[in-house]
>>> print(open('upload16.pdb').read())   # PDB, C-alpha atoms and all ligand atoms
ATOM      1  CA  MET A 291      70.796 137.359  65.659  1.00  0.00           C
ATOM      2  CA  PRO A 292      72.330 140.828  65.516  1.00  0.00           C
ATOM      3  CA  ASP A 293      72.163 142.693  62.205  1.00  0.00           C
ATOM      4  CA  GLU A 294      74.993 142.165  59.772  1.00  0.00           C
ATOM      5  CA  GLY A 295      77.769 144.522  60.865  1.00  0.00           C
ATOM      6  CA  GLU A 296      76.626 144.836  64.464  1.00  0.00           C
ATOM      7  CA  ALA A 297      77.534 142.882  67.627  1.00  0.00           C
ATOM      8  CA  LYS A 298      75.072 141.841  70.354  1.00  0.00           C
ATOM      9  CA  SER A 299      76.235 144.852  72.321  1.00  0.00           C
ATOM     10  CA  GLY A 300      75.307 147.226  69.483  1.00  0.00           C
ATOM     11  CA  LEU A 301      79.025 147.725  68.778  1.00  0.00           C
ATOM     12  CA  PRO A 302      80.137 147.334  65.164  1.00  0.00           C
ATOM     13  CA  HIS A 303      81.555 143.936  64.436  1.00  0.00           C
ATOM     14  CA  LEU A 304      84.051 142.497  62.010  1.00  0.00           C
ATOM     15  CA  ARG A 305      83.540 139.271  60.158  1.00  0.00           C
ATOM     16  CA  VAL A 306      86.656 137.459  59.004  1.00  0.00           C
ATOM     17  CA  ASP A 307      86.473 134.448  56.708  1.00  0.00           C
ATOM     18  CA  VAL A 308      89.675 132.424  56.517  1.00  0.00           C
ATOM     19  CA  LEU A 309      90.242 130.046  53.623  1.00  0.00           C
ATOM     20  CA  THR A 310      92.795 127.464  54.691  1.00  0.00           C
ATOM     21  CA  LEU A 311      93.741 123.822  54.266  1.00  0.00           C
ATOM     22  CA  PHE A 312      94.466 123.600  58.008  1.00  0.00           C
ATOM     23  CA  PRO A 313      91.542 125.097  59.957  1.00  0.00           C
ATOM     24  CA  ALA A 314      92.513 123.228  63.146  1.00  0.00           C
ATOM     25  CA  MET A 315      95.650 125.384  63.388  1.00  0.00           C
ATOM     26  CA  PHE A 316      93.395 128.290  64.422  1.00  0.00           C
ATOM     27  CA  ASP A 317      91.675 126.532  67.331  1.00  0.00           C
ATOM     28  CA  GLY A 318      94.097 127.432  70.110  1.00  0.00           C
ATOM     29  CA  VAL A 319      94.618 131.023  69.043  1.00  0.00           C
ATOM     30  CA  LEU A 320      90.934 131.817  68.527  1.00  0.00           C
ATOM     31  CA  GLY A 321      89.784 129.864  71.575  1.00  0.00           C
ATOM     32  CA  GLU A 322      91.848 131.589  74.259  1.00  0.00           C
ATOM     33  CA  SER A 323      92.233 134.897  75.989  1.00  0.00           C
ATOM     34  CA  ILE A 324      91.301 138.158  74.293  1.00  0.00           C
ATOM     35  CA  LEU A 325      90.334 136.700  70.911  1.00  0.00           C
ATOM     36  CA  LYS A 326      87.961 134.332  72.647  1.00  0.00           C
ATOM     37  CA  ARG A 327      86.489 137.252  74.581  1.00  0.00           C
ATOM     38  CA  ALA A 328      86.051 139.302  71.390  1.00  0.00           C
ATOM     39  CA  ARG A 329      84.302 136.404  69.694  1.00  0.00           C
ATOM     40  CA  ASP A 330      82.091 135.702  72.711  1.00  0.00           C
ATOM     41  CA  ALA A 331      81.109 139.383  72.791  1.00  0.00           C
ATOM     42  CA  GLY A 332      80.157 139.201  69.117  1.00  0.00           C
ATOM     43  CA  VAL A 333      82.690 141.893  68.203  1.00  0.00           C
ATOM     44  CA  LEU A 334      84.703 139.476  66.062  1.00  0.00           C
ATOM     45  CA  ASP A 335      83.179 136.706  63.991  1.00  0.00           C
ATOM     46  CA  VAL A 336      85.769 134.343  62.475  1.00  0.00           C
ATOM     47  CA  ARG A 337      84.673 131.611  60.081  1.00  0.00           C
ATOM     48  CA  LEU A 338      87.035 128.968  58.801  1.00  0.00           C
ATOM     49  CA  THR A 339      86.603 127.319  55.431  1.00  0.00           C
ATOM     50  CA  ASN A 340      88.712 124.404  54.269  1.00  0.00           C
ATOM     51  CA  PHE A 341      89.036 125.028  50.552  1.00  0.00           C
ATOM     52  CA  ARG A 342      89.900 121.381  49.996  1.00  0.00           C
ATOM     53  CA  ASP A 343      86.131 120.917  50.268  1.00  0.00           C
ATOM     54  CA  TYR A 344      85.890 122.797  46.955  1.00  0.00           C
ATOM     55  CA  ALA A 345      88.462 120.636  45.165  1.00  0.00           C
ATOM     56  CA  GLU A 346      87.330 118.367  42.380  1.00  0.00           C
ATOM     57  CA  GLY A 347      87.671 114.619  41.988  1.00  0.00           C
ATOM     58  CA  ARG A 348      87.975 111.736  44.348  1.00  0.00           C
ATOM     59  CA  HIS A 349      91.365 112.900  45.618  1.00  0.00           C
ATOM     60  CA  LYS A 350      90.323 116.503  46.263  1.00  0.00           C
ATOM     61  CA  LYS A 351      93.596 117.709  44.793  1.00  0.00           C
ATOM     62  CA  VAL A 352      94.497 121.286  45.750  1.00  0.00           C
ATOM     63  CA  ASP A 353      98.061 121.485  44.444  1.00  0.00           C
ATOM     64  CA  ASP A 354     100.089 120.320  41.472  1.00  0.00           C
ATOM     65  CA  THR A 355     103.605 120.491  40.028  1.00  0.00           C
ATOM     66  CA  ALA A 356     104.767 123.705  38.376  1.00  0.00           C
ATOM     67  CA  TYR A 357     104.648 124.215  34.619  1.00  0.00           C
ATOM     68  CA  GLY A 358     108.221 124.604  33.446  1.00  0.00           C
ATOM     69  CA  GLY A 359     109.488 122.294  36.160  1.00  0.00           C
ATOM     70  CA  GLY A 360     111.147 123.003  39.462  1.00  0.00           C
ATOM     71  CA  PRO A 361     110.675 121.822  43.003  1.00  0.00           C
ATOM     72  CA  GLY A 362     107.600 122.200  45.146  1.00  0.00           C
ATOM     73  CA  MET A 363     103.905 122.236  44.542  1.00  0.00           C
ATOM     74  CA  VAL A 364     101.689 125.089  43.354  1.00  0.00           C
ATOM     75  CA  LEU A 365      98.210 125.830  44.684  1.00  0.00           C
ATOM     76  CA  LYS A 366      95.629 125.132  41.971  1.00  0.00           C
ATOM     77  CA  CYS A 367      93.122 127.674  40.681  1.00  0.00           C
ATOM     78  CA  GLU A 368      89.903 125.665  40.769  1.00  0.00           C
ATOM     79  CA  PRO A 369      89.432 125.013  44.506  1.00  0.00           C
ATOM     80  CA  VAL A 370      90.498 128.537  45.415  1.00  0.00           C
ATOM     81  CA  PHE A 371      88.258 130.302  42.874  1.00  0.00           C
ATOM     82  CA  SER A 372      85.290 128.123  43.879  1.00  0.00           C
ATOM     83  CA  ALA A 373      85.851 128.638  47.602  1.00  0.00           C
ATOM     84  CA  VAL A 374      86.335 132.411  47.331  1.00  0.00           C
ATOM     85  CA  ARG A 375      83.192 132.747  45.203  1.00  0.00           C
ATOM     86  CA  ALA A 376      81.154 130.553  47.561  1.00  0.00           C
ATOM     87  CA  VAL A 377      82.290 132.452  50.650  1.00  0.00           C
ATOM     88  CA  LEU A 378      81.714 135.862  49.051  1.00  0.00           C
ATOM     89  CA  GLY A 379      78.279 135.044  47.682  1.00  0.00           C
ATOM     90  CA  ASP A 380      76.941 138.349  46.385  1.00  0.00           C
ATOM     91  CA  ASP A 381      78.910 140.427  48.895  1.00  0.00           C
ATOM     92  CA  GLN A 382      80.460 143.156  46.747  1.00  0.00           C
ATOM     93  CA  ASP A 383      82.586 144.963  49.275  1.00  0.00           C
ATOM     94  CA  ALA A 384      84.400 142.384  51.392  1.00  0.00           C
ATOM     95  CA  HIS A 385      88.104 143.195  51.683  1.00  0.00           C
ATOM     96  CA  LEU A 386      90.223 140.381  50.221  1.00  0.00           C
ATOM     97  CA  VAL A 387      93.584 139.602  51.845  1.00  0.00           C
ATOM     98  CA  LEU A 388      96.163 137.233  50.387  1.00  0.00           C
ATOM     99  CA  LEU A 389      98.858 136.180  52.861  1.00  0.00           C
ATOM    100  CA  THR A 390     102.171 136.001  51.050  1.00  0.00           C
ATOM    101  CA  PRO A 391     105.799 136.965  51.658  1.00  0.00           C
ATOM    102  CA  GLN A 392     105.478 138.976  48.401  1.00  0.00           C
ATOM    103  CA  GLY A 393     102.901 141.306  49.976  1.00  0.00           C
ATOM    104  CA  LYS A 394     103.369 144.678  51.628  1.00  0.00           C
ATOM    105  CA  THR A 395     104.754 144.294  55.136  1.00  0.00           C
ATOM    106  CA  LEU A 396     102.075 144.600  57.811  1.00  0.00           C
ATOM    107  CA  THR A 397     102.249 147.816  59.827  1.00  0.00           C
ATOM    108  CA  GLN A 398     100.097 149.282  62.579  1.00  0.00           C
ATOM    109  CA  ASN A 399      98.663 151.672  59.967  1.00  0.00           C
ATOM    110  CA  LYS A 400      97.480 148.731  57.876  1.00  0.00           C
ATOM    111  CA  VAL A 401      96.101 147.029  61.003  1.00  0.00           C
ATOM    112  CA  ARG A 402      94.102 150.172  61.749  1.00  0.00           C
ATOM    113  CA  GLU A 403      92.785 150.256  58.186  1.00  0.00           C
ATOM    114  CA  LEU A 404      91.694 146.606  58.399  1.00  0.00           C
ATOM    115  CA  ALA A 405      90.004 147.181  61.759  1.00  0.00           C
ATOM    116  CA  GLY A 406      87.700 149.638  59.985  1.00  0.00           C
ATOM    117  CA  LYS A 407      86.387 147.030  57.529  1.00  0.00           C
ATOM    118  CA  ARG A 408      83.058 145.257  57.856  1.00  0.00           C
ATOM    119  CA  ARG A 409      84.250 141.999  56.370  1.00  0.00           C
ATOM    120  CA  ILE A 410      87.636 140.526  55.468  1.00  0.00           C
ATOM    121  CA  VAL A 411      88.226 137.330  53.498  1.00  0.00           C
ATOM    122  CA  MET A 412      91.731 135.886  53.908  1.00  0.00           C
ATOM    123  CA  LEU A 413      93.410 133.237  51.797  1.00  0.00           C
ATOM    124  CA  CYS A 414      96.233 131.212  53.330  1.00  0.00           C
ATOM    125  CA  GLY A 415      98.515 129.519  50.850  1.00  0.00           C
ATOM    126  CA  HIS A 416     100.662 126.507  51.468  1.00  0.00           C
ATOM    127  CA  TYR A 417     103.288 124.802  49.355  1.00  0.00           C
ATOM    128  CA  GLU A 418     105.606 126.641  47.011  1.00  0.00           C
ATOM    129  CA  GLY A 419     103.156 129.318  45.950  1.00  0.00           C
ATOM    130  CA  TYR A 420      99.871 130.316  44.337  1.00  0.00           C
ATOM    131  CA  ASP A 421      99.070 129.776  40.683  1.00  0.00           C
ATOM    132  CA  GLU A 422      99.557 133.338  39.429  1.00  0.00           C
ATOM    133  CA  ARG A 423      95.992 133.410  38.063  1.00  0.00           C
ATOM    134  CA  ILE A 424      94.731 133.318  41.678  1.00  0.00           C
ATOM    135  CA  ARG A 425      96.447 136.697  42.067  1.00  0.00           C
ATOM    136  CA  GLN A 426      94.883 137.969  38.848  1.00  0.00           C
ATOM    137  CA  GLY A 427      91.390 136.678  39.580  1.00  0.00           C
ATOM    138  CA  PHE A 428      90.524 138.831  42.593  1.00  0.00           C
ATOM    139  CA  PRO A 429      91.433 142.308  43.870  1.00  0.00           C
ATOM    140  CA  TRP A 430      93.684 141.025  46.676  1.00  0.00           C
ATOM    141  CA  ASP A 431      95.377 143.172  49.254  1.00  0.00           C
ATOM    142  CA  GLU A 432      98.625 141.154  49.450  1.00  0.00           C
ATOM    143  CA  ILE A 433     100.075 141.191  52.965  1.00  0.00           C
ATOM    144  CA  SER A 434     103.314 139.824  54.391  1.00  0.00           C
ATOM    145  CA  ILE A 435     104.015 139.739  58.116  1.00  0.00           C
ATOM    146  CA  GLY A 436     107.771 140.110  57.623  1.00  0.00           C
ATOM    147  CA  ASP A 437     110.754 139.267  55.474  1.00  0.00           C
ATOM    148  CA  TYR A 438     110.944 135.568  56.217  1.00  0.00           C
ATOM    149  CA  VAL A 439     109.147 132.583  54.744  1.00  0.00           C
ATOM    150  CA  LEU A 440     106.624 130.540  56.729  1.00  0.00           C
ATOM    151  CA  THR A 441     105.389 127.093  55.731  1.00  0.00           C
ATOM    152  CA  GLY A 442     101.989 128.633  55.035  1.00  0.00           C
ATOM    153  CA  GLY A 443      99.836 131.712  55.474  1.00  0.00           C
ATOM    154  CA  GLU A 444      98.002 130.433  58.580  1.00  0.00           C
ATOM    155  CA  LEU A 445     100.332 131.901  61.196  1.00  0.00           C
ATOM    156  CA  ALA A 446     100.365 135.164  59.245  1.00  0.00           C
ATOM    157  CA  ALA A 447      96.541 135.226  59.162  1.00  0.00           C
ATOM    158  CA  MET A 448      96.462 134.689  62.932  1.00  0.00           C
ATOM    159  CA  VAL A 449      98.888 137.563  63.419  1.00  0.00           C
ATOM    160  CA  VAL A 450      96.666 139.838  61.331  1.00  0.00           C
ATOM    161  CA  ILE A 451      93.493 138.743  63.154  1.00  0.00           C
ATOM    162  CA  ASP A 452      95.109 139.234  66.561  1.00  0.00           C
ATOM    163  CA  ALA A 453      96.440 142.701  65.774  1.00  0.00           C
ATOM    164  CA  VAL A 454      93.138 143.810  64.229  1.00  0.00           C
ATOM    165  CA  ALA A 455      90.932 142.315  66.958  1.00  0.00           C
ATOM    166  CA  ARG A 456      92.570 144.287  69.740  1.00  0.00           C
ATOM    167  CA  LEU A 457      91.612 147.537  67.978  1.00  0.00           C
ATOM    168  CA  LEU A 458      87.922 146.652  67.692  1.00  0.00           C
ATOM    169  CA  PRO A 459      85.785 148.621  70.135  1.00  0.00           C
ATOM    170  CA  GLY A 460      84.801 146.304  72.982  1.00  0.00           C
ATOM    171  CA  THR A 461      87.679 143.826  72.649  1.00  0.00           C
ATOM    172  CA  LEU A 462      90.040 145.100  75.313  1.00  0.00           C
ATOM    173  CA  GLY A 463      87.401 146.498  77.638  1.00  0.00           C
ATOM    174  CA  ASP A 464      89.602 149.477  78.384  1.00  0.00           C
ATOM    175  CA  GLU A 465      89.041 151.506  75.221  1.00  0.00           C
ATOM    176  CA  THR A 466      92.033 153.750  75.668  1.00  0.00           C
ATOM    177  CA  SER A 467      94.766 151.193  76.132  1.00  0.00           C
ATOM    178  CA  ALA A 468      95.079 150.228  72.465  1.00  0.00           C
ATOM    179  CA  THR A 469      95.180 153.775  71.158  1.00  0.00           C
ATOM    180  CA  GLU A 470      97.251 155.444  73.867  1.00  0.00           C
ATOM    181  CA  GLU A 471     100.092 152.997  73.807  1.00  0.00           C
ATOM    182  CA  SER A 472     103.179 154.444  72.302  1.00  0.00           C
ATOM    183  CA  PHE A 473     103.396 152.291  69.176  1.00  0.00           C
ATOM    184  CA  GLU A 474     100.163 153.866  67.999  1.00  0.00           C
ATOM    185  CA  GLN A 475     101.935 157.202  68.224  1.00  0.00           C
ATOM    186  CA  GLY A 476     104.917 155.968  66.226  1.00  0.00           C
ATOM    187  CA  LEU A 477     107.156 155.228  69.220  1.00  0.00           C
ATOM    188  CA  LEU A 478     108.188 152.090  71.064  1.00  0.00           C
ATOM    189  CA  GLU A 479     106.713 151.461  74.502  1.00  0.00           C
ATOM    190  CA  TYR A 480     108.286 153.092  77.581  1.00  0.00           C
ATOM    191  CA  PRO A 481     109.562 150.810  80.401  1.00  0.00           C
ATOM    192  CA  GLN A 482     106.830 149.537  82.722  1.00  0.00           C
ATOM    193  CA  TYR A 483     106.998 148.219  86.293  1.00  0.00           C
ATOM    194  CA  THR A 484     104.679 146.616  88.798  1.00  0.00           C
ATOM    195  CA  ARG A 485     105.072 145.453  92.408  1.00  0.00           C
ATOM    196  CA  PRO A 486     107.415 144.891  94.214  1.00  0.00           C
ATOM    197  CA  PRO A 487     109.315 148.218  94.157  1.00  0.00           C
ATOM    198  CA  VAL A 488     112.673 146.449  94.599  1.00  0.00           C
ATOM    199  CA  TYR A 489     113.326 143.009  93.125  1.00  0.00           C
ATOM    200  CA  GLU A 490     116.672 141.237  93.545  1.00  0.00           C
ATOM    201  CA  GLY A 491     118.316 144.606  94.150  1.00  0.00           C
ATOM    202  CA  MET A 492     116.703 146.271  91.108  1.00  0.00           C
ATOM    203  CA  ALA A 493     114.655 149.297  92.118  1.00  0.00           C
ATOM    204  CA  ILE A 494     112.018 150.999  90.018  1.00  0.00           C
ATOM    205  CA  PRO A 495     112.639 154.667  89.031  1.00  0.00           C
ATOM    206  CA  ASP A 496     111.686 157.027  91.902  1.00  0.00           C
ATOM    207  CA  ILE A 497     109.572 159.190  89.621  1.00  0.00           C
ATOM    208  CA  LEU A 498     106.953 156.432  89.353  1.00  0.00           C
ATOM    209  CA  LEU A 499     106.328 156.606  93.114  1.00  0.00           C
ATOM    210  CA  SER A 500     106.175 160.412  93.168  1.00  0.00           C
ATOM    211  CA  GLY A 501     102.490 160.732  92.387  1.00  0.00           C
ATOM    212  CA  HIS A 502     103.273 163.612  89.952  1.00  0.00           C
ATOM    213  CA  HIS A 503     101.198 162.554  86.987  1.00  0.00           C
ATOM    214  CA  GLU A 504     102.495 165.221  84.654  1.00  0.00           C
ATOM    215  CA  GLU A 505     106.120 164.470  85.499  1.00  0.00           C
ATOM    216  CA  ILE A 506     105.465 160.754  85.044  1.00  0.00           C
ATOM    217  CA  ALA A 507     103.897 161.392  81.634  1.00  0.00           C
ATOM    218  CA  LYS A 508     106.934 163.476  80.615  1.00  0.00           C
ATOM    219  CA  TRP A 509     109.350 160.797  81.844  1.00  0.00           C
ATOM    220  CA  ARG A 510     107.477 158.108  79.927  1.00  0.00           C
ATOM    221  CA  ARG A 511     107.515 160.169  76.766  1.00  0.00           C
ATOM    222  CA  ARG A 512     111.253 160.780  77.126  1.00  0.00           C
ATOM    223  CA  MET A 513     111.949 157.077  77.680  1.00  0.00           C
ATOM    224  CA  ALA A 514     109.776 156.094  74.701  1.00  0.00           C
ATOM    225  CA  GLU A 515     111.666 158.568  72.537  1.00  0.00           C
ATOM    226  CA  GLU A 516     115.086 157.401  73.757  1.00  0.00           C
ATOM    227  CA  ARG A 517     114.193 153.773  73.165  1.00  0.00           C
ATOM    228  CA  THR A 518     112.897 154.448  69.692  1.00  0.00           C
ATOM    229  CA  ARG A 519     115.976 156.490  68.745  1.00  0.00           C
ATOM    230  CA  GLU A 520     118.349 153.785  69.988  1.00  0.00           C
ATOM    231  CA  ARG A 521     116.522 150.680  68.825  1.00  0.00           C
ATOM    232  CA  ARG A 522     114.584 151.748  65.759  1.00  0.00           C
ATOM    233  CA  PRO A 523     116.248 154.633  63.938  1.00  0.00           C
ATOM    234  CA  ASP A 524     113.836 154.021  61.026  1.00  0.00           C
ATOM    235  CA  LEU A 525     110.767 154.671  63.224  1.00  0.00           C
ATOM    236  CA  TRP A 526     112.548 157.584  64.885  1.00  0.00           C
ATOM    237  CA  ARG A 527     113.130 159.306  61.538  1.00  0.00           C
ATOM    238  CA  GLN A 528     109.459 158.934  60.612  1.00  0.00           C
ATOM    239  CA  TYR A 529     108.432 160.254  64.002  1.00  0.00           C
ATOM    240  CA  MET A 530     110.732 163.268  63.706  1.00  0.00           C
ATOM    241  CA  ASP A 531     109.497 163.979  60.176  1.00  0.00           C
ATOM    242  CA  GLY A 532     105.961 163.887  61.534  1.00  0.00           C
ATOM    243  CA  GLY A 533     105.242 161.469  58.684  1.00  0.00           C
ATOM    244  CA  ALA A 534     102.962 158.482  58.551  1.00  0.00           C
ATOM    245  CA  GLN A 535     103.776 156.022  61.279  1.00  0.00           C
ATOM    246  CA  GLY A 536     103.665 152.367  60.753  1.00  0.00           C
TER     247      GLY A 536
HETATM  248  N1  LIG B   1     103.301 132.901  53.887  1.00  0.00           N
HETATM  249  C1  LIG B   1     104.568 132.451  53.988  1.00  0.00           C
HETATM  250  N2  LIG B   1     105.371 133.361  54.536  1.00  0.00           N
HETATM  251  C2  LIG B   1     104.599 134.472  54.798  1.00  0.00           C
HETATM  252  C3  LIG B   1     104.847 135.741  55.362  1.00  0.00           C
HETATM  253  N3  LIG B   1     106.061 136.115  55.778  1.00  0.00           N
HETATM  254  N4  LIG B   1     103.819 136.602  55.469  1.00  0.00           N
HETATM  255  C4  LIG B   1     102.590 136.245  55.028  1.00  0.00           C
HETATM  256  N5  LIG B   1     102.291 135.061  54.500  1.00  0.00           N
HETATM  257  C5  LIG B   1     103.284 134.171  54.382  1.00  0.00           C
END
>>> encode(input="upload16.pdb", output="structure tokens")
Amino acid sequence: MPDEGEAKSGLPHLRVDVLTLFPAMFDGVLGESILKRARDAGVLDVRLTNFRDYAEGRHKKVDDTAYGGGPGMVLKCEPVFSAVRAVLGDDQDAHLVLLTPQGKTLTQNKVRELAGKRRIVMLCGHYEGYDERIRQGFPWDEISIGDYVLTGGELAAMVVIDAVARLLPGTLGDETSATEESFEQGLLEYPQYTRPPVYEGMAIPDILLSGHHEEIAKWRRRMAEERTRERRPDLWRQYMDGGAQG
């Protein structure tokens, strides 16, 4: 076994523990394509824990009605506190992520920050919400993947894992492609083309066949800037201010 914090290849690795009531939802996403490759390479180690296993009683109840009334069920404290404590053990510095539409919206900056962690523990809620004492009980980094409400945190956790995994050294093979792409620089991606040069009457821009690498780089930059200005004035303003990108 490699040391904690190191993949077979000697590259650093990230361990992610996901606490969820629906671990099977992760199978397809983690078992295909680049995430599968990252896991096979030992760069990414994802462990799924069903926190229903930590629920008490014969019925393993994880949710209950809300004090004060109202529709929907609330996630109970006991199974979550027990599961988080069991998964953490005596690990003092795991980064705790709570998936919730009340969290800060995920940005590429946050993804980069998470990719630098050694270990992340994620809690996926379901039902109407978390008992507020779950929020109080641990130093959660509360993350939302956007201003819409999902049926649970699982899809959000998969989005976070996917975005983080592609930044881990060794995941994409080509080390530069994740950091050179324009979003990392605060811009949207420039238009890309591959063979054939003309398809159903639509030709690719001549510049791309010119072989002038510098001119191509300039053209791409200009297109990325134009796209960002037109489509995402918010990103464009940040880019022009030279401020933090996200
Ligand atoms: N759970 C439900 N909706 C969510 C969202 N938008 N982001 C993160 N977790 C969620």
>>> resolve_selection(input="upload16.pdb", expression="the PyMOL selection byres (((chain A and resi 331) around 10) and not hetatm)", output="ChimeraX atom specification")
/A:297-299,301,303,325-330,332-335,460-461
>>> atom_distance(input="upload16.pdb", atom1="atom CA of A:Val411", atom2="atom CA of A:Val374")
8.1 Å
>>> closest_residue(input="upload16.pdb", among="A:Ala376, A:Ala405, A:Ala384, A:Leu311", to="A:Ala455", atoms="all atoms listed in the file")
A:Ala405
>>> atom_distance(input="upload16.pdb", atom1="atom CA of A:Leu458", atom2="atom CA of A:Arg402")
9.3 Å
>>> residues_near_ligand(input="upload16.pdb", ligand="ligand LIG 1 (chain B)", cutoff="9 Å", atoms="all atoms listed in the file", output="list in words")
Leu388, Leu389, Thr390, Pro391, Gln392, Gly393, Lys394, Thr395, Leu396, Cys414, Gly415, His416, Gly419, Glu432, Ile433, Ser434, Ile435, Gly436, Asp437, Tyr438, Val439, Leu440, Thr441, Gly442, Gly443, Glu444, Leu445, Ala446 and Ala447 of chain A
>>> residues_around(input="upload16.pdb", residues="stretch 474-482 of chain A", least_positions_apart="4", cutoff="12 Å", atoms="all atoms listed in the file", output="JSON, numbers by chain")
{"A": [397, 398, 399, 400, 401, 402, 453, 457, 466, 467, 468, 469, 470, 487, 494, 495, 498, 506, 507, 508, 509, 510, 511, 512, 513, 514, 515, 516, 517, 518, 519, 520, 521, 522, 523, 524, 525, 526, 527, 528, 529, 530, 531, 532, 533, 534, 535, 536]}
>>> closest_residue(input="upload16.pdb", among="A:Val336, A:Met363, A:Val319, A:Glu422", to="A:Arg409", atoms="all atoms listed in the file")
A:Val336
>>> closest_residue(input="upload16.pdb", among="A:Gln426, A:Gly359, A:Gly347, A:Arg375", to="A:Leu309", atoms="all atoms listed in the file")
A:Arg375
>>> closest_residue(input="upload16.pdb", among="A:Gly379, A:Gly318, A:Gly406, A:Gly358", to="A:Pro459", atoms="all atoms listed in the file")
A:Gly406
>>> axis_aligned_box(input="upload16.pdb", around="stretch 328-338 of chain A", padding_each_side="5 Å", output="JSON")
{"center_x": 83.6, "center_y": 135.4, "center_z": 65.8, "size_x": 16.9, "size_y": 22.9, "size_z": 24.0}
>>> atom_distance(input="upload16.pdb", atom1="atom CA of A:Thr339", atom2="atom CA of A:Val454")
19.8 Å
>>> resolve_selection(input="upload16.pdb", expression="the PyMOL selection byres (((chain A and resi 427) around 12) and not hetatm)", output="PyMOL selection string")
chain A and resi 367-368+370-372+374-375+386+388+420-426+428-430
>>> closest_residue(input="upload16.pdb", among="A:Ala373, A:Ile497, A:Arg337, A:Glu403", to="A:Val306", atoms="all atoms listed in the file")
A:Arg337
>>> closest_residue(input="upload16.pdb", among="A:Val488, A:Phe312, A:Tyr357, A:Pro302", to="A:Asn340", atoms="only C-alpha atoms")
A:Phe312
>>> resolve_selection(input="upload16.pdb", expression="the PyMOL selection byres (((chain A and resi 383) around 10) and not hetatm)", output="PyMOL selection string")
chain A and resi 378+380-382+384-386+407-410
>>> write_last_selection(input="upload16.pdb", atoms="C-alpha atoms", output="compact mmCIF listing (two decimals), in the frame of the given file")
# COMPACT_ATOMS: atom_id res chain seq x y z
CA LEU A 378 81.71 135.86 49.05
CA ASP A 380 76.94 138.35 46.38
CA ASP A 381 78.91 140.43 48.90
CA GLN A 382 80.46 143.16 46.75
CA ALA A 384 84.40 142.38 51.39
CA HIS A 385 88.10 143.20 51.68
CA LEU A 386 90.22 140.38 50.22
CA LYS A 407 86.39 147.03 57.53
CA ARG A 408 83.06 145.26 57.86
CA ARG A 409 84.25 142.00 56.37
CA ILE A 410 87.64 140.53 55.47
